[in-house]
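**Q** Would you mind keeping the following structure in view while I ask a few things?
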Amino acid sequence: MGVAEATTQEFDLVVVTEMNDGYPGLEGVFDHLNLKGTPRLYWDFDVSYHPERSYKRASAIEYDGYLVGNRLFCGPDDFGRLKKPILHLPYACSPRIHKRKEEITRHYLLGFIGSMTDERKRVIELAQKTLFNSAHIHHAEGIFGDALVDTTNSYCAVLHRNQNACRGLVPGRPWETTACGTTLLMDRVSYIDFVEFLPEHLHEDLFVYDTDDDLREWIHKWQEKWAILQLGNSGLMSYVHKNHSYKNRAERIIEWVREHSIITA
């Protein structure tokens, strides 16, 4: 929906996602869109790196509640300092976009998508040295949309390793990966945060490692069993599509704002 069309609509609720500096002119935008007085929420997907900056954005204008992507920042000394209702609400997937593409062959045993920190670079180099053919380890930076989905579909497994600053956060990658039917290989901290959202019988569908030796062992085991990993994980994919889409998140928001009388419609 464009701005011109939005000015002709009536809305019961506005959700503002995290923005640099809190967008100082946002009140004027609300007025322009005939949204003055409409209940509004602020959704901070990832407060992890710069908490104080996030609080500044969140308090730049008046909100009726806060949606917080990282469970460790929902307490009274964190977003609770803003004295409004708080809901822990992480990223999700879009099943129409994040899905298995059967026409794409899973020709990499292990892949990583995301910014390349020193630790992530070290882990990928370790994997390349362990695998009998290092060309079957792949990494990609700065890809989004269709390119991200296509790349994820080309991996038998995605290596997911959160940075230390991101404890308590389930970012977009685990949701996008599992929504594509691709297996996840996760460090222990990332695994603990993610399985909170999954039923216990699906926990065993994820791979987890604690040490470099664990990673080596995983590669040695699965480099001879590509055919199994290439099948993907349809059970986990179906569960994530059904329960962790952005449509699910929207439904939870509506339920929550009614629980807290932010809207009554």
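Ordered as shown in the structure tokens, chains take letters A, B, and onward, while each chain numbers its residues from 1 and ligands are numbered from 1 in the order shown.
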Contacts of Leu110 in chain A at 8 Å or less, counting only C-alpha atoms, minus same-chain residues fewer than 2 places along, as number ranges by chain?

**A** A: 108, 112, 136-138, 155-159

**Q** As a count of residues only, which residues of range 23-251 of chain A does DSSP assign to helix (DSSP H, G or I)?

**A** 104

**Q** Please produce, as JSON lines, a per-residue contact table for range 69-105 of chain A versus range 227-242 of chain A (criterion: any atom at most 12 Å away, only C-alpha atoms considered), showing the nearest atom pair and its distance in Å to one decimal, sorted by chain then residue number.

**A**
{"residue": "A:Tyr91", "atom": "CA", "partner": "A:Val240", "partner_atom": "CA", "distance": 11.7}
{"residue": "A:Ala92", "atom": "CA", "partner": "A:Val240", "partner_atom": "CA", "distance": 8.4}
{"residue": "A:Cys93", "atom": "CA", "partner": "A:His241", "partner_atom": "CA", "distance": 7.2}
{"residue": "A:Ser94", "atom": "CA", "partner": "A:His241", "partner_atom": "CA", "distance": 7.6}
{"residue": "A:Pro95", "atom": "CA", "partner": "A:His241", "partner_atom": "CA", "distance": 5.6}
{"residue": "A:Arg96", "atom": "CA", "partner": "A:His241", "partner_atom": "CA", "distance": 9.1}
{"residue": "A:Ile97", "atom": "CA", "partner": "A:His241", "partner_atom": "CA", "distance": 10.6}
{"residue": "A:His98", "atom": "CA", "partner": "A:His241", "partner_atom": "CA", "distance": 8.7}
{"residue": "A:Lys99", "atom": "CA", "partner": "A:Met237", "partner_atom": "CA", "distance": 8.0}
{"residue": "A:Arg100", "atom": "CA", "partner": "A:Met237", "partner_atom": "CA", "distance": 8.6}
{"residue": "A:Lys101", "atom": "CA", "partner": "A:Gly232", "partner_atom": "CA", "distance": 11.0}
{"residue": "A:Glu102", "atom": "CA", "partner": "A:Leu231", "partner_atom": "CA", "distance": 10.0}
{"residue": "A:Ile104", "atom": "CA", "partner": "A:Gln230", "partner_atom": "CA", "distance": 10.6}
{"residue": "A:Thr105", "atom": "CA", "partner": "A:Gln230", "partner_atom": "CA", "distance": 8.0}

**Q** Write the residues of the selection above to a file with N, CA and C atoms, as a PDB file, in the first residue's frame.

**A**
ATOM      1  N   TYR A  91      11.741 -12.714  15.154  1.00  0.00           N
ATOM      2  CA  TYR A  91      11.578 -12.804  13.704  1.00  0.00           C
ATOM      3  C   TYR A  91      10.709 -14.013  13.360  1.00  0.00           C
ATOM      4  N   ALA A  92      10.434 -14.199  12.061  1.00  0.00           N
ATOM      5  CA  ALA A  92       9.642 -15.342  11.599  1.00  0.00           C
ATOM      6  C   ALA A  92      10.028 -15.621  10.146  1.00  0.00           C
ATOM      7  N   CYS A  93       9.164 -16.351   9.444  1.00  0.00           N
ATOM      8  CA  CYS A  93       9.405 -16.621   8.015  1.00  0.00           C
ATOM      9  C   CYS A  93       8.186 -16.208   7.215  1.00  0.00           C
ATOM     10  N   SER A  94       8.348 -16.162   5.919  1.00  0.00           N
ATOM     11  CA  SER A  94       7.237 -15.917   4.990  1.00  0.00           C
ATOM     12  C   SER A  94       7.120 -17.147   4.098  1.00  0.00           C
ATOM     13  N   PRO A  95       6.190 -18.064   4.386  1.00  0.00           N
ATOM     14  CA  PRO A  95       6.125 -19.327   3.633  1.00  0.00           C
ATOM     15  C   PRO A  95       6.015 -19.161   2.127  1.00  0.00           C
ATOM     16  N   ARG A  96       5.412 -18.082   1.682  1.00  0.00           N
ATOM     17  CA  ARG A  96       5.310 -17.859   0.233  1.00  0.00           C
ATOM     18  C   ARG A  96       6.680 -17.629  -0.389  1.00  0.00           C
ATOM     19  N   ILE A  97       7.603 -17.100   0.425  1.00  0.00           N
ATOM     20  CA  ILE A  97       8.961 -16.797  -0.056  1.00  0.00           C
ATOM     21  C   ILE A  97       9.960 -17.855   0.390  1.00  0.00           C
ATOM     22  N   HIS A  98       9.940 -18.173   1.671  1.00  0.00           N
ATOM     23  CA  HIS A  98      10.896 -19.122   2.247  1.00  0.00           C
ATOM     24  C   HIS A  98      10.312 -20.530   2.154  1.00  0.00           C
ATOM     25  N   LYS A  99      10.739 -21.263   1.155  1.00  0.00           N
ATOM     26  CA  LYS A  99      10.177 -22.587   0.880  1.00  0.00           C
ATOM     27  C   LYS A  99      11.202 -23.430   0.129  1.00  0.00           C
ATOM     28  N   ARG A 100      10.926 -24.720   0.063  1.00  0.00           N
ATOM     29  CA  ARG A 100      11.792 -25.626  -0.692  1.00  0.00           C
ATOM     30  C   ARG A 100      11.585 -25.426  -2.192  1.00  0.00           C
ATOM     31  N   LYS A 101      12.685 -25.289  -2.919  1.00  0.00           N
ATOM     32  CA  LYS A 101      12.649 -25.199  -4.373  1.00  0.00           C
ATOM     33  C   LYS A 101      13.271 -26.467  -4.938  1.00  0.00           C
ATOM     34  N   GLU A 102      12.421 -27.370  -5.381  1.00  0.00           N
ATOM     35  CA  GLU A 102      12.881 -28.684  -5.817  1.00  0.00           C
ATOM     36  C   GLU A 102      13.810 -28.615  -7.026  1.00  0.00           C
ATOM     37  N   ILE A 104      16.263 -26.724  -7.376  1.00  0.00           N
ATOM     38  CA  ILE A 104      17.624 -26.372  -6.946  1.00  0.00           C
ATOM     39  C   ILE A 104      18.249 -27.557  -6.226  1.00  0.00           C
ATOM     40  N   THR A 105      19.391 -28.000  -6.708  1.00  0.00           N
ATOM     41  CA  THR A 105      20.098 -29.132  -6.107  1.00  0.00           C
ATOM     42  C   THR A 105      20.881 -28.669  -4.882  1.00  0.00           C
TER      43      THR A 105
END

**Q** Just the residues within 12 Å of Leu87 in chain A, please, counting only C-alpha atoms, with nothing from its chain fewer than 4 positions along; format it as a list of chain:residue names.

**A**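 Near Leu87 in chain A, the qualifying residues are A:Leu41, A:Tyr42, A:Trp43, A:Asp44, A:Phe45, A:Asp64, A:Gly65, A:Tyr66, A:Leu67, A:Val68, A:Gly69, A:Asn70, A:Arg71, A:Leu72, A:Phe73, A:Cys74, A:Gly75, A:Phe79, A:Gly80, A:Arg249, A:Arg252, A:Ile253, A:Ile254, A:Glu255, A:Trp256, A:Val257, A:Glu259, A:His260.
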
**Q** Can you list, as a short mmCIF file (atom, residue, chain, number, x, y, z; two decimals) with N, CA and C atoms, in the first residue's frame, all residues belonging to range 151-234 of chain A that DSSP tags as strand (DSSP E)?

**A**
data_model
loop_
_atom_site.label_atom_id
_atom_site.label_comp_id
_atom_site.auth_asym_id
_atom_site.auth_seq_id
_atom_site.Cartn_x
_atom_site.Cartn_y
_atom_site.Cartn_z
N TYR A 155 22.09 -25.57 -0.02
CA TYR A 155 22.86 -26.13 1.09
C TYR A 155 22.16 -27.36 1.66
N CYS A 156 22.95 -28.40 1.98
CA CYS A 156 22.40 -29.52 2.75
C CYS A 156 22.16 -29.08 4.19
N ALA A 157 23.05 -28.26 4.71
CA ALA A 157 22.90 -27.74 6.07
C ALA A 157 23.44 -26.33 6.12
N VAL A 158 22.81 -25.51 6.95
CA VAL A 158 23.27 -24.14 7.18
C VAL A 158 23.93 -24.08 8.56
N LEU A 159 25.14 -23.54 8.59
CA LEU A 159 25.84 -23.31 9.84
C LEU A 159 25.32 -22.01 10.45
N HIS A 160 24.77 -22.11 11.64
CA HIS A 160 24.27 -20.91 12.31
C HIS A 160 25.01 -20.73 13.62
N THR A 183 18.54 -28.25 6.70
CA THR A 183 18.96 -28.63 8.04
C THR A 183 19.79 -27.52 8.67
N LEU A 184 19.70 -27.39 10.00
CA LEU A 184 20.49 -26.42 10.75
C LEU A 184 21.56 -27.12 11.57
N LEU A 185 22.78 -26.58 11.51
CA LEU A 185 23.87 -26.98 12.40
C LEU A 185 24.19 -25.75 13.25
N MET A 186 23.93 -25.83 14.57
CA MET A 186 23.96 -24.65 15.42
C MET A 186 24.93 -24.82 16.58
N ASP A 187 25.51 -23.68 17.01
CA ASP A 187 26.26 -23.71 18.26
C ASP A 187 25.25 -23.84 19.40
N PHE A 207 20.95 -30.12 14.40
CA PHE A 207 22.29 -30.54 14.79
C PHE A 207 22.91 -29.46 15.66
N VAL A 208 23.63 -29.86 16.69
CA VAL A 208 24.24 -28.89 17.60
C VAL A 208 25.68 -29.29 17.87
N TYR A 209 26.54 -28.29 17.99
CA TYR A 209 27.94 -28.58 18.31
C TYR A 209 28.41 -27.64 19.41
#
